[in-house]
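Asker: Have a look at this one before I ask anything.
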Amino acid sequence: MSRLRIPHVQAWVDRRSGRSRHRFRRRGFPSVELPGVPGSAEFMTAYQAATANAPIAIGAKRNVPGTVAY
């Protein structure tokens with residue numbers, strides 16, 4: 001069986017359900033669970049949407065306006 005290697009996608013088998021799961025993980029970007037089987041149309045549209053997301057601003061959650069740290 002061959003494996004399709006897609007950048008920034010991690011795959012594993014869920015212990016409880018035995019279901020194969022895939023997640024888009026890239027530093028500085030939100031983590032997104034990808035539906036379907038890698039290479040399918042549903043999977044690839046979700047992957048394209050995940051890569052099109054804007055990066056998360058570093059420290060945006062830690063410094064709130066009106067605080068000393070801000």
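Chain labels follow the order of the structure tokens: the first chain is A, the next B, and so on; residue numbering restarts at 1 in every chain, and ligands are counted from 1 in their shown order.
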I'd like to know which residues of chain A are alpha helix (DSSP H) (by DSSP, run on the backbone); could you write them as an NGL selection string?
Answerer: :A and (41-52)
Asker: Excluding Gln10 in chain A and its own-chain neighbours fewer than 3 positions away, which residues fall within 8 Å of it when counting only C-alpha atoms? Please give them as a PDB file with C-alpha atoms, in the first residue's frame.
Answerer:
```pdb
ATOM      1  CA  HIS A  22      -5.888  13.743   9.262  1.00  0.00           C
ATOM      2  CA  ARG A  23      -5.032  17.205  10.526  1.00  0.00           C
ATOM      3  CA  PHE A  24      -3.395  20.209   8.868  1.00  0.00           C
ATOM      4  CA  ARG A  25      -0.710  21.508  11.232  1.00  0.00           C
TER       5      ARG A  25
END
```
Asker: Nearest to Pro30 in chain A: which of A:Asn63, A:Ala69, A:His8, A:Arg3 is it, counting only C-alpha atoms?
Answerer: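 Residue with the minimum atom-to-atom distance to Pro30 in chain A: A:His8.
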Asker: Would you mind listing what lies within 10 Å of range 16-20 of chain A as a PDB file with N, CA, C and O atoms, in the first residue's frame, with only C-alpha atoms counted and same-chain residues fewer than 4 positions away left out?
Answerer:
```
ATOM      1  N   ALA A  11      -1.205  12.316  10.055  1.00  0.00           N
ATOM      2  CA  ALA A  11      -2.239  11.281  10.049  1.00  0.00           C
ATOM      3  C   ALA A  11      -2.001  10.308  11.188  1.00  0.00           C
ATOM      4  O   ALA A  11      -0.862  10.019  11.540  1.00  0.00           O
ATOM      5  N   TRP A  12      -3.089   9.813  11.762  1.00  0.00           N
ATOM      6  CA  TRP A  12      -3.013   8.797  12.795  1.00  0.00           C
ATOM      7  C   TRP A  12      -4.343   8.062  12.860  1.00  0.00           C
ATOM      8  O   TRP A  12      -5.335   8.495  12.297  1.00  0.00           O
ATOM      9  N   PRO A  35     -11.412  16.368   6.394  1.00  0.00           N
ATOM     10  CA  PRO A  35     -12.338  15.248   6.209  1.00  0.00           C
ATOM     11  C   PRO A  35     -11.935  14.369   5.028  1.00  0.00           C
ATOM     12  O   PRO A  35     -11.205  14.796   4.135  1.00  0.00           O
ATOM     13  N   GLY A  36     -12.432  13.155   5.019  1.00  0.00           N
ATOM     14  CA  GLY A  36     -12.248  12.269   3.877  1.00  0.00           C
ATOM     15  C   GLY A  36     -10.903  11.581   3.827  1.00  0.00           C
ATOM     16  O   GLY A  36     -10.133  11.585   4.778  1.00  0.00           O
ATOM     17  N   VAL A  37     -10.625  10.996   2.673  1.00  0.00           N
ATOM     18  CA  VAL A  37      -9.402  10.238   2.423  1.00  0.00           C
ATOM     19  C   VAL A  37      -8.417  11.134   1.680  1.00  0.00           C
ATOM     20  O   VAL A  37      -8.820  11.872   0.779  1.00  0.00           O
TER      21      VAL A  37
END
```
Asker: If DSSP is run on the backbone, what residues of chain A are strand (DSSP E or B)? A reply as a ChimeraX atom specification would be ideal.
Answerer: /A:9-13,20-24,32-34
Asker: Pull N, CA, C and O atoms from the residues just selected and write them as a compact mmCIF listing (two decimals), in the first residue's frame.
Answerer:
```txt
# COMPACT_ATOMS: atom_id res chain seq x y z
N VAL A 9 0.51 17.83 6.75
CA VAL A 9 -0.62 16.99 7.13
C VAL A 9 -0.10 15.84 7.98
O VAL A 9 0.82 15.14 7.58
N GLN A 10 -0.70 15.68 9.15
CA GLN A 10 -0.34 14.58 10.04
C GLN A 10 -1.51 13.60 10.09
O GLN A 10 -2.67 14.02 10.15
N ALA A 11 -1.20 12.32 10.05
CA ALA A 11 -2.24 11.28 10.05
C ALA A 11 -2.00 10.31 11.19
O ALA A 11 -0.86 10.02 11.54
N TRP A 12 -3.09 9.81 11.76
CA TRP A 12 -3.01 8.80 12.80
C TRP A 12 -4.34 8.06 12.86
O TRP A 12 -5.33 8.50 12.30
N VAL A 13 -4.35 6.94 13.56
CA VAL A 13 -5.56 6.15 13.75
C VAL A 13 -6.05 6.41 15.17
O VAL A 13 -5.29 6.25 16.14
N SER A 20 -9.31 6.56 10.89
CA SER A 20 -8.13 7.27 10.43
C SER A 20 -8.43 8.76 10.41
O SER A 20 -9.44 9.19 9.83
N ARG A 21 -7.56 9.56 11.03
CA ARG A 21 -7.78 11.01 11.11
C ARG A 21 -6.60 11.74 10.48
O ARG A 21 -5.47 11.27 10.53
N HIS A 22 -6.90 12.92 9.91
CA HIS A 22 -5.89 13.74 9.26
C HIS A 22 -6.08 15.18 9.72
O HIS A 22 -7.20 15.67 9.78
N ARG A 23 -4.97 15.84 10.03
CA ARG A 23 -5.03 17.21 10.53
C ARG A 23 -3.95 18.03 9.85
O ARG A 23 -2.82 17.60 9.70
N PHE A 24 -4.33 19.25 9.44
CA PHE A 24 -3.39 20.21 8.87
C PHE A 24 -2.76 20.95 10.03
O PHE A 24 -3.45 21.61 10.81
N VAL A 32 -6.39 22.49 11.58
CA VAL A 32 -7.68 22.17 10.98
C VAL A 32 -7.77 20.67 10.74
O VAL A 32 -6.85 20.08 10.16
N GLU A 33 -8.88 20.05 11.16
CA GLU A 33 -9.08 18.63 10.86
C GLU A 33 -9.61 18.51 9.43
O GLU A 33 -10.53 19.23 9.03
N LEU A 34 -9.02 17.59 8.66
CA LEU A 34 -9.38 17.43 7.25
C LEU A 34 -10.28 16.21 7.09
O LEU A 34 -9.95 15.13 7.56
```
Asker: In Å, with one decimal, what is the gap from CA of Met44 in chain A to CA of Arg27 in chain A?
Answerer: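 These atoms are spaced 19.8 Å apart.
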Asker: My list of candidates is A:Ala50, A:Ile58, A:Val68, A:Leu4. Which is closest to Pro38 in chain A when distances are computed with only C-alpha atoms?
Answerer: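 Comparing A:Ala50, A:Ile58, A:Val68, A:Leu4 against Pro38 in chain A, the winner is A:Leu4.
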Asker: Select, from A:Ser40, A:Arg62, A:Ser31, A:Tyr47, the residue with the minimum atom-to-atom distance to Pro7 in chain A, counting only C-alpha atoms.
Answerer: A:Tyr47
